[in-house]
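Shown next: protein.csv, containing CSV, C-alpha atoms.
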```
chain,number,residue,atom,x,y,z
L,267,MET,CA,-18.9,-43.2,119.5
L,268,ARG,CA,-15.7,-41.7,118.2
L,269,LEU,CA,-12.9,-39.4,119.3
L,270,ASP,CA,-12.1,-36.6,116.9
L,271,VAL,CA,-8.4,-36.5,116.3
L,272,THR,CA,-8.5,-33.0,114.9
L,273,GLU,CA,-9.2,-31.9,118.5
L,274,SER,CA,-6.3,-33.7,120.1
L,275,ARG,CA,-2.7,-32.9,119.3
L,276,GLU,CA,-1.6,-36.1,121.1
L,277,LEU,CA,-3.7,-38.4,119.0
L,278,ARG,CA,-2.7,-36.6,115.7
L,279,ALA,CA,1.0,-36.9,116.8
L,280,THR,CA,0.5,-40.6,117.5
L,281,ILE,CA,-1.0,-41.3,114.1
L,282,PHE,CA,1.8,-39.3,112.3
L,283,ALA,CA,4.5,-41.0,114.4
L,284,LEU,CA,3.1,-44.4,113.6
L,285,ARG,CA,3.2,-43.6,109.9
L,286,GLY,CA,6.9,-42.9,109.9
L,287,LEU,CA,8.0,-45.8,112.1
L,288,ASP,CA,9.6,-49.1,111.0
L,289,LYS,CA,7.1,-51.9,110.4
L,290,THR,CA,8.4,-54.0,113.4
L,291,LEU,CA,7.9,-51.0,115.7
L,292,GLN,CA,4.4,-50.5,114.4
L,293,LYS,CA,3.6,-54.1,115.0
L,294,MET,CA,5.1,-53.9,118.5
L,295,ILE,CA,2.9,-50.9,119.3
L,296,ARG,CA,-0.2,-52.6,117.9
L,297,VAL,CA,0.4,-55.8,119.9
L,298,LYS,CA,1.2,-54.1,123.2
L,299,THR,CA,-1.9,-51.9,122.9
L,300,LYS,CA,-4.2,-54.8,122.1
L,301,ASP,CA,-2.7,-56.9,124.9
L,302,ILE,CA,-3.4,-54.2,127.5
L,303,ALA,CA,-6.7,-52.7,126.1
L,304,GLY,CA,-8.4,-56.1,125.5
L,305,PRO,CA,-8.6,-57.3,129.1
L,306,GLU,CA,-9.5,-53.8,130.3
L,307,TRP,CA,-12.3,-53.6,127.8
L,308,ARG,CA,-13.7,-57.0,128.8
L,309,LYS,CA,-13.4,-56.0,132.5
L,310,ALA,CA,-15.4,-52.8,131.9
L,311,LEU,CA,-18.1,-54.8,130.1
L,312,ALA,CA,-18.2,-57.5,132.8
L,313,GLU,CA,-18.7,-54.8,135.5
L,314,ARG,CA,-21.8,-53.6,133.8
L,315,ALA,CA,-23.3,-56.9,132.6
L,316,ASP,CA,-25.8,-58.0,135.2
L,317,THR,CA,-27.6,-60.9,133.6
L,318,ARG,CA,-26.2,-64.1,132.0
L,319,LEU,CA,-27.7,-63.0,128.7
L,320,GLU,CA,-25.8,-59.8,128.7
L,321,HIS,CA,-22.6,-61.7,129.5
L,322,ARG,CA,-23.2,-64.2,126.7
L,323,VAL,CA,-24.1,-61.6,124.1
L,324,ILE,CA,-22.1,-58.5,124.9
L,325,HIS,CA,-19.2,-59.6,127.2
L,326,ASP,CA,-18.2,-62.9,125.7
L,327,THR,CA,-18.1,-61.5,122.1
L,328,ALA,CA,-16.0,-58.4,123.0
L,329,VAL,CA,-12.8,-57.7,121.0
L,330,VAL,CA,-10.3,-54.9,120.6
L,331,GLY,CA,-8.8,-54.2,117.2
L,332,VAL,CA,-5.7,-52.0,116.8
L,333,THR,CA,-4.4,-50.6,113.5
L,334,ASN,CA,-1.9,-47.8,112.8
L,335,GLN,CA,-4.9,-45.5,112.3
L,336,ASN,CA,-7.3,-46.3,115.2
L,337,VAL,CA,-8.3,-48.5,118.1
L,338,ARG,CA,-11.7,-50.2,117.7
L,339,VAL,CA,-13.7,-51.7,120.5
L,340,GLN,CA,-16.5,-54.1,119.5
L,341,SER,CA,-18.9,-56.4,121.0
L,342,ALA,CA,-21.7,-58.7,119.6
L,343,MET,CA,-20.2,-58.7,116.1
L,344,LYS,CA,-18.6,-62.1,116.4
L,345,GLY,CA,-19.7,-65.5,117.4
L,346,ARG,CA,-22.4,-68.1,116.6
L,347,PRO,CA,-26.0,-68.2,117.7
L,348,LEU,CA,-26.6,-69.1,121.3
L,349,SER,CA,-28.2,-72.5,122.2
L,350,GLY,CA,-31.7,-70.9,122.4
L,351,GLY,CA,-31.4,-69.5,118.9
L,352,LEU,CA,-30.5,-65.8,119.7
L,353,HIS,CA,-27.9,-64.5,117.3
L,354,PRO,CA,-25.7,-61.8,118.9
L,355,LYS,CA,-25.0,-60.1,115.6
L,356,THR,CA,-28.6,-59.4,114.8
L,357,HIS,CA,-30.3,-59.2,118.3
L,358,TYR,CA,-27.7,-57.4,120.3
L,359,HIS,CA,-29.9,-54.2,120.4
L,360,ALA,CA,-32.6,-55.9,122.5
L,361,VAL,CA,-30.0,-57.0,125.1
L,362,GLU,CA,-28.2,-53.6,125.1
L,363,PHE,CA,-31.1,-51.2,125.0
L,364,GLY,CA,-33.9,-53.4,126.5
L,365,ALA,CA,-37.3,-54.1,125.1
L,366,LYS,CA,-40.8,-52.9,125.6
L,367,PRO,CA,-43.0,-55.9,126.6
L,368,LYS,CA,-45.9,-56.5,124.2
L,369,LYS,CA,-49.5,-56.7,125.3
L,370,ALA,CA,-51.7,-59.5,123.9
L,371,THR,CA,-55.4,-59.1,124.0
L,372,TYR,CA,-57.7,-62.0,123.3
L,373,TYR,CA,-61.1,-63.5,124.2
L,374,ARG,CA,-61.5,-66.6,126.2
L,375,ALA,CA,-64.3,-68.7,127.5
L,376,SER,CA,-65.4,-68.3,131.0
L,377,ARG,CA,-66.4,-71.2,133.3
L,378,LYS,CA,-70.1,-70.4,132.9
L,379,GLY,CA,-69.9,-70.5,129.1
L,380,GLY,CA,-69.6,-66.8,128.2
L,381,THR,CA,-66.5,-65.0,126.9
L,382,HIS,CA,-64.5,-62.2,128.2
L,383,LYS,CA,-61.6,-60.1,127.1
L,384,VAL,CA,-58.1,-60.8,128.6
L,385,THR,CA,-55.0,-58.7,128.2
L,386,ARG,CA,-51.6,-60.2,129.1
L,387,THR,CA,-48.0,-59.2,128.9
L,388,VAL,CA,-46.1,-61.5,126.5
L,389,GLY,CA,-42.4,-61.5,125.6
L,390,GLY,CA,-39.6,-59.3,126.8
L,391,TYR,CA,-39.2,-61.0,130.2
L,392,PRO,CA,-35.5,-61.8,130.0
L,393,LEU,CA,-34.9,-58.3,128.8
L,394,LYS,CA,-34.6,-55.1,130.8
L,395,PRO,CA,-36.9,-52.1,130.2
L,396,ARG,CA,-36.0,-49.8,127.3
L,397,ARG,CA,-33.1,-47.3,128.0
L,398,LYS,CA,-31.9,-45.0,125.3
L,399,GLY,CA,-28.3,-44.9,126.6
L,400,GLY,CA,-27.9,-48.7,126.8
L,401,TYR,CA,-27.0,-50.9,129.8
L,402,VAL,CA,-23.6,-52.4,129.1
L,403,PHE,CA,-21.7,-51.5,125.9
L,404,PHE,CA,-22.4,-47.7,125.6
L,405,PRO,CA,-21.7,-46.9,129.3
L,406,ALA,CA,-18.5,-48.9,129.2
L,407,ALA,CA,-17.5,-47.3,125.9
L,408,LYS,CA,-18.1,-43.8,127.3
L,409,GLU,CA,-15.7,-44.6,130.2
L,410,MET,CA,-13.1,-46.6,128.3
L,411,ILE,CA,-12.6,-44.8,125.0
L,412,PRO,CA,-10.6,-41.9,126.6
L,413,ARG,CA,-8.6,-44.4,128.7
L,414,ILE,CA,-7.8,-46.5,125.7
L,415,ALA,CA,-6.8,-43.5,123.6
L,416,ALA,CA,-4.4,-42.4,126.4
L,417,LEU,CA,-3.0,-45.9,126.6
L,418,TRP,CA,-2.4,-45.9,122.8
L,419,VAL,CA,-0.5,-42.7,123.0
L,420,GLN,CA,1.5,-43.8,126.1
L,421,THR,CA,2.4,-47.1,124.5
L,422,THR,CA,3.5,-45.4,121.3
L,423,VAL,CA,5.7,-43.0,123.2
L,424,ARG,CA,7.2,-45.7,125.5
L,425,THR,CA,7.9,-48.0,122.6
L,426,ILE,CA,9.6,-45.3,120.5
L,427,ALA,CA,11.7,-44.2,123.6
L,428,THR,CA,12.7,-47.8,124.3
L,429,ALA,CA,13.7,-48.3,120.7
L,430,LEU,CA,15.8,-45.1,120.7
L,431,GLU,CA,17.6,-46.2,123.8
L,432,GLY,CA,18.4,-49.5,122.0
L,433,LYS,CA,16.7,-51.7,124.5
L,434,GLN,CA,14.5,-54.6,123.6
L,435,GLU,CA,11.4,-55.7,125.5
```
As structure tokens, how would this structure be written, given the file I've shared?
Amino acid sequence: MRLDVTESRELRATIFALRGLDKTLQKMIRVKTKDIAGPEWRKALAERADTRLEHRVIHDTAVVGVTNQNVRVQSAMKGRPLSGGLHPKTHYHAVEFGAKPKKATYYRASRKGGTHKVTRTVGGYPLKPRRKGGYVFFPAAKEMIPRIAALWVQTTVRTIATALEGKQE
């Protein structure tokens, strides 16, 4: 999910302004944006994560990266496998989008010596049912991306204004 900067004059102006700034001001803007956006992003994920598995896979691995060109929100791309063996980098999709439980059909012996067919639901129990729009990351991103973009623009303007006044923060 991305914002198109060609549609927003403010975002284009922010990118152009950052290109022409001093390196120390660029760094200050990146650090301030990351310091504010990071906790907000994790808070938005925590509000939507219902299960412990969602917290471990999506919330606990959430990061915000800020460059002079963009602000990137990520989740489930860092970290080690969980104690049960689930690796967030490769299995995040099942936690975010849910899974369809599988049906297993087999024959078993009855008490009287015959056999009969049995169908059982196997796997998928800790996961929610399938949802195309996701449960945690995508709803949070849909809400937070415009807010983080506005924060980035405001931080840039405020930092430049403070530097022009000669104040230090």
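Residue neighbourhood of L:Arg397, excluding near-sequence residues (fewer than 2 positions): His359, Ala360, Val361, Glu362, Phe363, Gly364, Ala365, Lys366, Leu393, Lys394, Pro395, Gly399, Gly400, Tyr401, Val402, Phe404 and Pro405 of chain L, at 12 Å, using all atoms listed in the file.
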Generate the output file for the selected residues, C-alpha atoms, as a compact mmCIF listing (two decimals), keeping the file's coordinate frame.
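Done, and the output landed in result_29.txt:
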```
# COMPACT_ATOMS: atom_id res chain seq x y z
CA HIS L 359 -29.90 -54.20 120.40
CA ALA L 360 -32.60 -55.90 122.50
CA VAL L 361 -30.00 -57.00 125.10
CA GLU L 362 -28.20 -53.60 125.10
CA PHE L 363 -31.10 -51.20 125.00
CA GLY L 364 -33.90 -53.40 126.50
CA ALA L 365 -37.30 -54.10 125.10
CA LYS L 366 -40.80 -52.90 125.60
CA LEU L 393 -34.90 -58.30 128.80
CA LYS L 394 -34.60 -55.10 130.80
CA PRO L 395 -36.90 -52.10 130.20
CA GLY L 399 -28.30 -44.90 126.60
CA GLY L 400 -27.90 -48.70 126.80
CA TYR L 401 -27.00 -50.90 129.80
CA VAL L 402 -23.60 -52.40 129.10
CA PHE L 404 -22.40 -47.70 125.60
CA PRO L 405 -21.70 -46.90 129.30
```
| said: Every residue with an atom at most 10 Å from (-3.0, -41.8, 116.2) (file coordinates; all atoms listed in the file) is what I'm after, so could you write them as a ChimeraX atom specification? | reply: /L:271,274-285,333-337,415,418-419,422
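Checking L:Ala429, L:Val332, L:Leu319, L:Ala370 one by one against L:Pro354, counting all atoms listed in the file, you find the shortest gap at L:Leu319.
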| task | Calculate how many Å separate atom CA of L:Thr425 from atom CA of L:Ala406, rounding to one decimal. | result | 27.2 Å
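Taking atom CA of L:Arg338 and atom CA of L:Arg396 as the two end points, the separation is 26.1 Å.
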| note | For L:Trp307, the closest of L:Glu320, L:Glu431, L:Glu409, L:Asp270 counting only C-alpha atoms is L:Glu409
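Picture a line from atom CA of L:Ser349 to atom CA of L:Ala312; it runs 20.9 Å.
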Since the input has fewer atoms than a full residue there, write stretch 304-338 of chain L out with N, CA and C atoms, as a short mmCIF file (atom, residue, chain, number, x, y, z; two decimals), in the coordinates of the input.
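Generated file (rebuild.cif):
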```cif
data_model
loop_
_atom_site.label_atom_id
_atom_site.label_comp_id
_atom_site.auth_asym_id
_atom_site.auth_seq_id
_atom_site.Cartn_x
_atom_site.Cartn_y
_atom_site.Cartn_z
N GLY L 304 -7.41 -55.00 125.55
CA GLY L 304 -8.40 -56.10 125.50
C GLY L 304 -8.94 -56.50 126.83
N PRO L 305 -8.08 -56.88 127.78
CA PRO L 305 -8.60 -57.30 129.10
C PRO L 305 -9.30 -56.12 129.83
N GLU L 306 -8.82 -54.90 129.65
CA GLU L 306 -9.50 -53.80 130.30
C GLU L 306 -10.89 -53.55 129.73
N TRP L 307 -11.03 -53.71 128.43
CA TRP L 307 -12.30 -53.60 127.80
C TRP L 307 -13.30 -54.64 128.26
N ARG L 308 -12.83 -55.88 128.32
CA ARG L 308 -13.70 -57.00 128.80
C ARG L 308 -14.06 -56.79 130.27
N LYS L 309 -13.11 -56.28 131.05
CA LYS L 309 -13.40 -56.00 132.50
C LYS L 309 -14.47 -54.95 132.63
N ALA L 310 -14.39 -53.88 131.84
CA ALA L 310 -15.40 -52.80 131.90
C ALA L 310 -16.78 -53.35 131.52
N LEU L 311 -16.83 -54.22 130.52
CA LEU L 311 -18.10 -54.80 130.10
C LEU L 311 -18.64 -55.75 131.21
N ALA L 312 -17.74 -56.53 131.80
CA ALA L 312 -18.20 -57.50 132.80
C ALA L 312 -18.71 -56.77 134.07
N GLU L 313 -18.17 -55.60 134.39
CA GLU L 313 -18.70 -54.80 135.50
C GLU L 313 -20.10 -54.36 135.32
N ARG L 314 -20.49 -54.15 134.08
CA ARG L 314 -21.80 -53.60 133.80
C ARG L 314 -22.84 -54.68 133.40
N ALA L 315 -22.38 -55.84 133.00
CA ALA L 315 -23.30 -56.90 132.60
C ALA L 315 -23.87 -57.59 133.83
N ASP L 316 -25.17 -57.43 134.02
CA ASP L 316 -25.80 -58.00 135.20
C ASP L 316 -26.36 -59.39 134.97
N THR L 317 -26.91 -59.63 133.82
CA THR L 317 -27.60 -60.90 133.60
C THR L 317 -26.66 -61.84 132.77
N ARG L 318 -27.01 -63.10 132.80
CA ARG L 318 -26.20 -64.10 132.00
C ARG L 318 -26.37 -63.83 130.53
N LEU L 319 -27.52 -63.35 130.10
CA LEU L 319 -27.70 -63.00 128.70
C LEU L 319 -26.81 -61.91 128.25
N GLU L 320 -26.67 -60.88 129.06
CA GLU L 320 -25.80 -59.80 128.70
C GLU L 320 -24.31 -60.27 128.67
N HIS L 321 -23.94 -61.16 129.58
CA HIS L 321 -22.60 -61.70 129.50
C HIS L 321 -22.36 -62.50 128.25
N ARG L 322 -23.33 -63.34 127.87
CA ARG L 322 -23.20 -64.20 126.70
C ARG L 322 -23.14 -63.36 125.40
N VAL L 323 -24.01 -62.36 125.30
CA VAL L 323 -24.10 -61.60 124.10
C VAL L 323 -23.11 -60.49 123.94
N ILE L 324 -22.90 -59.73 125.01
CA ILE L 324 -22.10 -58.50 124.90
C ILE L 324 -20.64 -58.79 125.43
N HIS L 325 -20.51 -59.38 126.60
CA HIS L 325 -19.20 -59.60 127.20
C HIS L 325 -18.37 -60.63 126.48
N ASP L 326 -18.96 -61.78 126.24
CA ASP L 326 -18.20 -62.90 125.70
C ASP L 326 -17.79 -62.68 124.22
N THR L 327 -18.39 -61.72 123.54
CA THR L 327 -18.10 -61.50 122.10
C THR L 327 -17.21 -60.19 121.98
N ALA L 328 -16.71 -59.65 123.08
CA ALA L 328 -16.00 -58.40 123.00
C ALA L 328 -14.57 -58.58 122.46
N VAL L 329 -14.17 -57.68 121.57
CA VAL L 329 -12.80 -57.70 121.00
C VAL L 329 -12.32 -56.27 120.86
N VAL L 330 -11.00 -56.16 120.80
CA VAL L 330 -10.30 -54.90 120.60
C VAL L 330 -9.46 -55.06 119.34
N GLY L 331 -9.60 -54.17 118.37
CA GLY L 331 -8.80 -54.20 117.20
C GLY L 331 -7.91 -52.96 117.12
N VAL L 332 -6.64 -53.13 116.84
CA VAL L 332 -5.70 -52.00 116.80
C VAL L 332 -5.05 -51.96 115.43
N THR L 333 -5.11 -50.79 114.79
CA THR L 333 -4.40 -50.60 113.50
C THR L 333 -3.48 -49.35 113.76
N ASN L 334 -2.77 -48.95 112.72
CA ASN L 334 -1.90 -47.80 112.80
C ASN L 334 -2.80 -46.49 112.81
N GLN L 335 -4.05 -46.61 112.41
CA GLN L 335 -4.90 -45.50 112.30
C GLN L 335 -5.87 -45.31 113.51
N ASN L 336 -6.28 -46.43 114.12
CA ASN L 336 -7.30 -46.30 115.20
C ASN L 336 -7.23 -47.55 116.12
N VAL L 337 -8.00 -47.43 117.18
CA VAL L 337 -8.30 -48.50 118.10
C VAL L 337 -9.77 -48.71 118.12
N ARG L 338 -10.24 -49.91 117.81
CA ARG L 338 -11.70 -50.20 117.70
C ARG L 338 -12.09 -51.15 118.80
#
```
